[in-house]
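Student: Before I ask anything, let me first share the structure, which is written out below as structure tokens.
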Amino acid sequence: MPAIDRRPAYQKIAEHYRALILSEEMQPGTVLPSVTELATEWGVSRETAHKAMGQLTVAGLVWTSSRGAFVKGNDEITTSPHERATLVRPLSETETITVTAATAVSPPAYVTETLGTEPGDLVIRREEVISRHERPVRLAVAWIPAVGGQITCAHLLDLEPVEGGALGCVERATGRKAVHWKTSMEGRASDDRESGHLRIPNGAPILAVVTLFADPDGVLLYEENVLPGGLKISYEGEIPGEE
């Protein structure tokens, strides 16, 4: 007598599509049934169907947009932190950069401490969402300190990409040059803001990457990047030989 499958319906639905995706019967870019279609096909509520889709999203198998849910491809990020900070335009025709915020603000205490500024000093907070095939793959927030009480690069307050990226703009405006950068990475759960921008469930696993750019006189830029699950990150470079 066959065993009775007592798993919740949303798990059965998610496992069904997981098997199709992993077996490559559903190729990257394939559109999945809508929540309404899933509910009708499986004879479940929309809430159950939505929960099944959430399982697939958290597992990094699908991504969602205003046009529906799609099987995710094997995205790879190969740009270094410095290359990302000086990026002015998309890397390909399928990639877009959307500046979602650019304002002078009084930053939270941890940013003030990192930048070496005084409490209450205004800094530029610049937020961008980078997408591929309309799917968000990175949320970036750059914090730029003022120099002598003056905003270093007024273009960073525009809701448009700037020539040479945020770091390049700061370097041109100040005449300084970043000679050192340090990156730290941490896996954690997404918060409401991050989930909204990346179109993933709240609490989904993400990789948080923070990078600090400095010269001998101090910090030029502090950048926070958030990447959704399922992305591959790879860097390469040359190892100096002995002289």
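Letters A, B, ... go to the chains of the structure tokens in the order shown; residues in each chain start at 1; ligands are counted from 1 in the same order.
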Enumerate, as a PyMOL selection string, the complete set of residues in segment 42-173 of chain A that a backbone-based DSSP assignment places in strand (DSSP E or B).

Tutor: chain A and resi 62-65+68-71+76-77+95-105+123-132+135-145+147+150

Student: Residues within 12 Å of segment 190-196 of chain A, please, as a PDB file with all heavy atoms, in the first residue's frame. Count only C-alpha atoms; anything in the same chain fewer than 5 positions from it doesn't count.

Tutor:
```pdb
ATOM      1  N   THR A  57      10.915  30.985  -4.692  1.00  0.00           N
ATOM      2  CA  THR A  57      11.702  32.218  -4.715  1.00  0.00           C
ATOM      3  C   THR A  57      12.807  32.174  -3.677  1.00  0.00           C
ATOM      4  O   THR A  57      13.969  32.505  -3.946  1.00  0.00           O
ATOM      5  CB  THR A  57      10.797  33.441  -4.471  1.00  0.00           C
ATOM      6  OG1 THR A  57       9.744  33.453  -5.431  1.00  0.00           O
ATOM      7  CG2 THR A  57      11.594  34.732  -4.575  1.00  0.00           C
ATOM      8  N   VAL A  58      12.469  31.769  -2.458  1.00  0.00           N
ATOM      9  CA  VAL A  58      13.455  31.668  -1.384  1.00  0.00           C
ATOM     10  C   VAL A  58      14.545  30.670  -1.747  1.00  0.00           C
ATOM     11  O   VAL A  58      15.729  30.862  -1.429  1.00  0.00           O
ATOM     12  CB  VAL A  58      12.775  31.261  -0.058  1.00  0.00           C
ATOM     13  CG1 VAL A  58      13.816  30.914   1.001  1.00  0.00           C
ATOM     14  CG2 VAL A  58      11.884  32.393   0.444  1.00  0.00           C
ATOM     15  N   THR A  64      10.611  37.112  -9.702  1.00  0.00           N
ATOM     16  CA  THR A  64       9.326  37.676 -10.074  1.00  0.00           C
ATOM     17  C   THR A  64       9.474  39.102 -10.578  1.00  0.00           C
ATOM     18  O   THR A  64      10.411  39.822 -10.211  1.00  0.00           O
ATOM     19  CB  THR A  64       8.354  37.672  -8.875  1.00  0.00           C
ATOM     20  OG1 THR A  64       8.924  38.459  -7.810  1.00  0.00           O
ATOM     21  CG2 THR A  64       8.101  36.251  -8.400  1.00  0.00           C
ATOM     22  N   SER A  65       8.563  39.496 -11.432  1.00  0.00           N
ATOM     23  CA  SER A  65       8.489  40.860 -11.931  1.00  0.00           C
ATOM     24  C   SER A  65       7.026  41.190 -12.153  1.00  0.00           C
ATOM     25  O   SER A  65       6.140  40.371 -11.882  1.00  0.00           O
ATOM     26  CB  SER A  65       9.269  40.998 -13.242  1.00  0.00           C
ATOM     27  OG  SER A  65       8.541  40.439 -14.318  1.00  0.00           O
ATOM     28  N   THR A 100      17.197  55.133  -7.145  1.00  0.00           N
ATOM     29  CA  THR A 100      15.927  55.228  -6.428  1.00  0.00           C
ATOM     30  C   THR A 100      15.923  56.299  -5.341  1.00  0.00           C
ATOM     31  O   THR A 100      14.860  56.679  -4.852  1.00  0.00           O
ATOM     32  CB  THR A 100      15.563  53.873  -5.799  1.00  0.00           C
ATOM     33  OG1 THR A 100      16.669  53.422  -4.992  1.00  0.00           O
ATOM     34  CG2 THR A 100      15.303  52.825  -6.880  1.00  0.00           C
ATOM     35  N   GLU A 127      21.103  55.638  -3.518  1.00  0.00           N
ATOM     36  CA  GLU A 127      20.610  54.266  -3.598  1.00  0.00           C
ATOM     37  C   GLU A 127      20.312  53.897  -5.052  1.00  0.00           C
ATOM     38  O   GLU A 127      19.674  54.664  -5.773  1.00  0.00           O
ATOM     39  CB  GLU A 127      19.349  54.141  -2.747  1.00  0.00           C
ATOM     40  CG  GLU A 127      18.729  52.751  -2.702  1.00  0.00           C
ATOM     41  CD  GLU A 127      17.480  52.745  -1.843  1.00  0.00           C
ATOM     42  OE1 GLU A 127      16.407  53.105  -2.359  1.00  0.00           O
ATOM     43  OE2 GLU A 127      17.585  52.407  -0.653  1.00  0.00           O
ATOM     44  N   GLU A 128      20.781  52.722  -5.455  1.00  0.00           N
ATOM     45  CA  GLU A 128      20.577  52.258  -6.827  1.00  0.00           C
ATOM     46  C   GLU A 128      20.137  50.795  -6.819  1.00  0.00           C
ATOM     47  O   GLU A 128      20.567  50.017  -5.966  1.00  0.00           O
ATOM     48  CB  GLU A 128      21.852  52.380  -7.656  1.00  0.00           C
ATOM     49  CG  GLU A 128      22.370  53.790  -7.812  1.00  0.00           C
ATOM     50  CD  GLU A 128      23.671  53.858  -8.591  1.00  0.00           C
ATOM     51  OE1 GLU A 128      24.334  52.809  -8.748  1.00  0.00           O
ATOM     52  OE2 GLU A 128      24.026  54.957  -9.033  1.00  0.00           O
ATOM     53  N   VAL A 129      19.307  50.434  -7.791  1.00  0.00           N
ATOM     54  CA  VAL A 129      18.921  49.045  -8.016  1.00  0.00           C
ATOM     55  C   VAL A 129      19.423  48.637  -9.395  1.00  0.00           C
ATOM     56  O   VAL A 129      19.123  49.296 -10.392  1.00  0.00           O
ATOM     57  CB  VAL A 129      17.395  48.858  -7.938  1.00  0.00           C
ATOM     58  CG1 VAL A 129      17.022  47.413  -8.266  1.00  0.00           C
ATOM     59  CG2 VAL A 129      16.885  49.227  -6.549  1.00  0.00           C
ATOM     60  N   PRO A 136      15.817  42.367 -10.393  1.00  0.00           N
ATOM     61  CA  PRO A 136      16.826  43.003  -9.552  1.00  0.00           C
ATOM     62  C   PRO A 136      17.881  41.991  -9.078  1.00  0.00           C
ATOM     63  O   PRO A 136      17.527  40.935  -8.544  1.00  0.00           O
ATOM     64  CB  PRO A 136      16.015  43.537  -8.360  1.00  0.00           C
ATOM     65  CG  PRO A 136      14.612  43.626  -8.861  1.00  0.00           C
ATOM     66  CD  PRO A 136      14.462  42.481  -9.810  1.00  0.00           C
ATOM     67  N   VAL A 137      19.155  42.315  -9.278  1.00  0.00           N
ATOM     68  CA  VAL A 137      20.234  41.426  -8.845  1.00  0.00           C
ATOM     69  C   VAL A 137      21.145  42.091  -7.811  1.00  0.00           C
ATOM     70  O   VAL A 137      21.995  41.425  -7.223  1.00  0.00           O
ATOM     71  CB  VAL A 137      21.093  40.948 -10.034  1.00  0.00           C
ATOM     72  CG1 VAL A 137      20.274  40.084 -10.978  1.00  0.00           C
ATOM     73  CG2 VAL A 137      21.701  42.124 -10.792  1.00  0.00           C
ATOM     74  N   ARG A 138      20.948  43.418  -7.585  1.00  0.00           N
ATOM     75  CA  ARG A 138      21.791  44.074  -6.582  1.00  0.00           C
ATOM     76  C   ARG A 138      21.133  45.380  -6.147  1.00  0.00           C
ATOM     77  O   ARG A 138      20.635  46.135  -6.966  1.00  0.00           O
ATOM     78  CB  ARG A 138      23.195  44.341  -7.137  1.00  0.00           C
ATOM     79  CG  ARG A 138      24.128  45.038  -6.160  1.00  0.00           C
ATOM     80  CD  ARG A 138      25.580  44.900  -6.612  1.00  0.00           C
ATOM     81  NE  ARG A 138      25.846  45.500  -7.894  1.00  0.00           N
ATOM     82  CZ  ARG A 138      26.245  46.773  -8.075  1.00  0.00           C
ATOM     83  NH1 ARG A 138      26.409  47.563  -7.014  1.00  0.00           N
ATOM     84  NH2 ARG A 138      26.490  47.244  -9.270  1.00  0.00           N
ATOM     85  N   LEU A 139      21.139  45.603  -4.841  1.00  0.00           N
ATOM     86  CA  LEU A 139      20.735  46.878  -4.259  1.00  0.00           C
ATOM     87  C   LEU A 139      21.977  47.525  -3.669  1.00  0.00           C
ATOM     88  O   LEU A 139      22.659  46.908  -2.849  1.00  0.00           O
ATOM     89  CB  LEU A 139      19.677  46.659  -3.173  1.00  0.00           C
ATOM     90  CG  LEU A 139      19.323  47.872  -2.306  1.00  0.00           C
ATOM     91  CD1 LEU A 139      18.693  48.979  -3.145  1.00  0.00           C
ATOM     92  CD2 LEU A 139      18.394  47.462  -1.164  1.00  0.00           C
ATOM     93  N   ALA A 140      22.299  48.737  -4.109  1.00  0.00           N
ATOM     94  CA  ALA A 140      23.510  49.415  -3.653  1.00  0.00           C
ATOM     95  C   ALA A 140      23.161  50.733  -2.979  1.00  0.00           C
ATOM     96  O   ALA A 140      22.369  51.518  -3.507  1.00  0.00           O
ATOM     97  CB  ALA A 140      24.451  49.666  -4.831  1.00  0.00           C
ATOM     98  N   VAL A 141      23.742  50.972  -1.813  1.00  0.00           N
ATOM     99  CA  VAL A 141      23.596  52.251  -1.111  1.00  0.00           C
ATOM    100  C   VAL A 141      24.987  52.795  -0.831  1.00  0.00           C
ATOM    101  O   VAL A 141      25.799  52.150  -0.156  1.00  0.00           O
ATOM    102  CB  VAL A 141      22.819  52.096   0.213  1.00  0.00           C
ATOM    103  CG1 VAL A 141      22.772  53.433   0.954  1.00  0.00           C
ATOM    104  CG2 VAL A 141      21.414  51.581  -0.045  1.00  0.00           C
ATOM    105  N   PRO A 201      10.866  37.576  -0.869  1.00  0.00           N
ATOM    106  CA  PRO A 201      10.099  37.563   0.380  1.00  0.00           C
ATOM    107  C   PRO A 201      10.877  38.191   1.529  1.00  0.00           C
ATOM    108  O   PRO A 201      12.108  38.073   1.593  1.00  0.00           O
ATOM    109  CB  PRO A 201       9.862  36.063   0.626  1.00  0.00           C
ATOM    110  CG  PRO A 201      10.007  35.420  -0.713  1.00  0.00           C
ATOM    111  CD  PRO A 201      11.051  36.220  -1.431  1.00  0.00           C
ATOM    112  N   ASN A 202      10.183  38.877   2.410  1.00  0.00           N
ATOM    113  CA  ASN A 202      10.840  39.442   3.584  1.00  0.00           C
ATOM    114  C   ASN A 202      11.458  38.314   4.406  1.00  0.00           C
ATOM    115  O   ASN A 202      10.817  37.292   4.670  1.00  0.00           O
ATOM    116  CB  ASN A 202       9.831  40.209   4.435  1.00  0.00           C
ATOM    117  CG  ASN A 202      10.504  40.998   5.539  1.00  0.00           C
ATOM    118  OD1 ASN A 202      11.650  41.400   5.401  1.00  0.00           O
ATOM    119  ND2 ASN A 202       9.794  41.220   6.621  1.00  0.00           N
ATOM    120  N   GLY A 203      12.722  38.479   4.779  1.00  0.00           N
ATOM    121  CA  GLY A 203      13.414  37.449   5.542  1.00  0.00           C
ATOM    122  C   GLY A 203      14.129  36.434   4.676  1.00  0.00           C
ATOM    123  O   GLY A 203      14.741  35.491   5.203  1.00  0.00           O
ATOM    124  N   ALA A 204      14.095  36.612   3.349  1.00  0.00           N
ATOM    125  CA  ALA A 204      14.798  35.685   2.453  1.00  0.00           C
ATOM    126  C   ALA A 204      16.305  35.837   2.638  1.00  0.00           C
ATOM    127  O   ALA A 204      16.794  36.910   3.002  1.00  0.00           O
ATOM    128  CB  ALA A 204      14.419  35.956   1.000  1.00  0.00           C
ATOM    129  N   PRO A 205      17.082  34.781   2.385  1.00  0.00           N
ATOM    130  CA  PRO A 205      18.532  34.878   2.547  1.00  0.00           C
ATOM    131  C   PRO A 205      19.156  35.807   1.513  1.00  0.00           C
ATOM    132  O   PRO A 205      18.786  35.779   0.333  1.00  0.00           O
ATOM    133  CB  PRO A 205      19.012  33.432   2.357  1.00  0.00           C
ATOM    134  CG  PRO A 205      17.937  32.777   1.554  1.00  0.00           C
ATOM    135  CD  PRO A 205      16.656  33.420   1.987  1.00  0.00           C
ATOM    136  N   ILE A 206      20.078  36.645   1.960  1.00  0.00           N
ATOM    137  CA  ILE A 206      20.796  37.568   1.086  1.00  0.00           C
ATOM    138  C   ILE A 206      22.273  37.560   1.470  1.00  0.00           C
ATOM    139  O   ILE A 206      22.653  37.063   2.535  1.00  0.00           O
ATOM    140  CB  ILE A 206      20.260  39.009   1.208  1.00  0.00           C
ATOM    141  CG1 ILE A 206      20.353  39.483   2.670  1.00  0.00           C
ATOM    142  CG2 ILE A 206      18.835  39.128   0.679  1.00  0.00           C
ATOM    143  CD1 ILE A 206      20.087  40.958   2.850  1.00  0.00           C
ATOM    144  N   LEU A 207      23.082  38.128   0.587  1.00  0.00           N
ATOM    145  CA  LEU A 207      24.487  38.361   0.900  1.00  0.00           C
ATOM    146  C   LEU A 207      24.677  39.866   0.979  1.00  0.00           C
ATOM    147  O   LEU A 207      24.437  40.587   0.001  1.00  0.00           O
ATOM    148  CB  LEU A 207      25.400  37.775  -0.172  1.00  0.00           C
ATOM    149  CG  LEU A 207      26.905  37.988   0.064  1.00  0.00           C
ATOM    150  CD1 LEU A 207      27.361  37.257   1.332  1.00  0.00           C
ATOM    151  CD2 LEU A 207      27.715  37.525  -1.140  1.00  0.00           C
ATOM    152  N   ALA A 208      25.084  40.351   2.150  1.00  0.00           N
ATOM    153  CA  ALA A 208      25.351  41.777   2.349  1.00  0.00           C
ATOM    154  C   ALA A 208      26.851  42.008   2.202  1.00  0.00           C
ATOM    155  O   ALA A 208      27.660  41.361   2.877  1.00  0.00           O
ATOM    156  CB  ALA A 208      24.882  42.216   3.732  1.00  0.00           C
ATOM    157  N   GLU A 224      27.218  49.936   0.597  1.00  0.00           N
ATOM    158  CA  GLU A 224      26.552  48.719   1.053  1.00  0.00           C
ATOM    159  C   GLU A 224      25.824  48.095  -0.129  1.00  0.00           C
ATOM    160  O   GLU A 224      25.023  48.755  -0.786  1.00  0.00           O
ATOM    161  CB  GLU A 224      25.563  49.042   2.170  1.00  0.00           C
ATOM    162  CG  GLU A 224      26.203  49.715   3.377  1.00  0.00           C
ATOM    163  CD  GLU A 224      25.176  50.259   4.350  1.00  0.00           C
ATOM    164  OE1 GLU A 224      24.164  50.837   3.898  1.00  0.00           O
ATOM    165  OE2 GLU A 224      25.386  50.115   5.562  1.00  0.00           O
ATOM    166  N   ASN A 225      26.120  46.834  -0.409  1.00  0.00           N
ATOM    167  CA  ASN A 225      25.456  46.110  -1.482  1.00  0.00           C
ATOM    168  C   ASN A 225      24.700  44.926  -0.907  1.00  0.00           C
ATOM    169  O   ASN A 225      25.186  44.258   0.009  1.00  0.00           O
ATOM    170  CB  ASN A 225      26.472  45.605  -2.510  1.00  0.00           C
ATOM    171  CG  ASN A 225      26.998  46.714  -3.401  1.00  0.00           C
ATOM    172  OD1 ASN A 225      26.400  47.039  -4.417  1.00  0.00           O
ATOM    173  ND2 ASN A 225      28.113  47.320  -3.004  1.00  0.00           N
ATOM    174  N   VAL A 226      23.526  44.663  -1.437  1.00  0.00           N
ATOM    175  CA  VAL A 226      22.728  43.518  -1.024  1.00  0.00           C
ATOM    176  C   VAL A 226      22.407  42.704  -2.273  1.00  0.00           C
ATOM    177  O   VAL A 226      21.894  43.239  -3.257  1.00  0.00           O
ATOM    178  CB  VAL A 226      21.432  43.959  -0.324  1.00  0.00           C
ATOM    179  CG1 VAL A 226      20.568  42.749  -0.007  1.00  0.00           C
ATOM    180  CG2 VAL A 226      21.753  44.718   0.958  1.00  0.00           C
ATOM    181  N   LEU A 227      22.718  41.403  -2.228  1.00  0.00           N
ATOM    182  CA  LEU A 227      22.481  40.518  -3.359  1.00  0.00           C
ATOM    183  C   LEU A 227      21.546  39.397  -2.944  1.00  0.00           C
ATOM    184  O   LEU A 227      21.706  38.815  -1.863  1.00  0.00           O
ATOM    185  CB  LEU A 227      23.797  39.910  -3.862  1.00  0.00           C
ATOM    186  CG  LEU A 227      24.798  40.863  -4.508  1.00  0.00           C
ATOM    187  CD1 LEU A 227      25.572  41.638  -3.452  1.00  0.00           C
ATOM    188  CD2 LEU A 227      25.788  40.096  -5.372  1.00  0.00           C
ATOM    189  N   PRO A 228      20.557  39.078  -3.778  1.00  0.00           N
ATOM    190  CA  PRO A 228      19.635  37.987  -3.450  1.00  0.00           C
ATOM    191  C   PRO A 228      20.317  36.636  -3.590  1.00  0.00           C
ATOM    192  O   PRO A 228      21.393  36.521  -4.195  1.00  0.00           O
ATOM    193  CB  PRO A 228      18.511  38.154  -4.483  1.00  0.00           C
ATOM    194  CG  PRO A 228      19.190  38.782  -5.656  1.00  0.00           C
ATOM    195  CD  PRO A 228      20.236  39.693  -5.072  1.00  0.00           C
ATOM    196  N   GLY A 229      19.696  35.600  -3.039  1.00  0.00           N
ATOM    197  CA  GLY A 229      20.259  34.260  -3.149  1.00  0.00           C
ATOM    198  C   GLY A 229      20.288  33.774  -4.578  1.00  0.00           C
ATOM    199  O   GLY A 229      19.544  34.237  -5.443  1.00  0.00           O
TER     200      GLY A 229
END
```

Student: Name the closest residue to Gly60 of chain A among the candidates A:Pro145, A:Gly230, A:Gly43, A:Gly116; distances are taken between atoms, counting only C-alpha atoms.

Tutor: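 Result for the nearest residue to Gly60 of chain A: A:Gly230.
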
Student: For Lys72 of chain A, which residue among A:Val162, A:Leu56, A:Leu156, A:Cys169 is the nearest when counting only C-alpha atoms?

Tutor: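 Answer, going by the shortest atom-to-atom distance: A:Leu56.
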
Student: What's around Val35 of chain A at 12 Å? Count only C-alpha atoms, leave out sequence neighbours fewer than 6 positions away in its own chain, and write the answer as a ChimeraX atom specification.

Tutor: /A:10,13,41-54,64,68-69

Student: Go ahead and compute the interatomic distance for atom CA of Val105 of chain A and atom CA of Ala214 of chain A, in Å to one decimal.

Tutor: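 If I compute the distance from atom CA of Val105 of chain A to atom CA of Ala214 of chain A, I get 20.8 Å.
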
Student: From the options A:Ile151, A:Ala39, A:Leu20, A:Leu231, which residue's atoms come nearest to Trp63 of chain A, counting only C-alpha atoms?

Tutor: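 With only C-alpha atoms as the atom set, the closest residue is A:Leu231.
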
Student: Any idea what the distance is between atom CA of Lys232 of chain A and atom CA of Arg188 of chain A?

Tutor: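 Distance between the two atoms: 16.3 Å.
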
Student: Taking the chain letters and numbering used in this document, name the residues of segment 161-231 of chain A that DSSP puts in helix (DSSP H, G or I), as a ChimeraX atom specification.

Tutor: /A:165-174,192-198
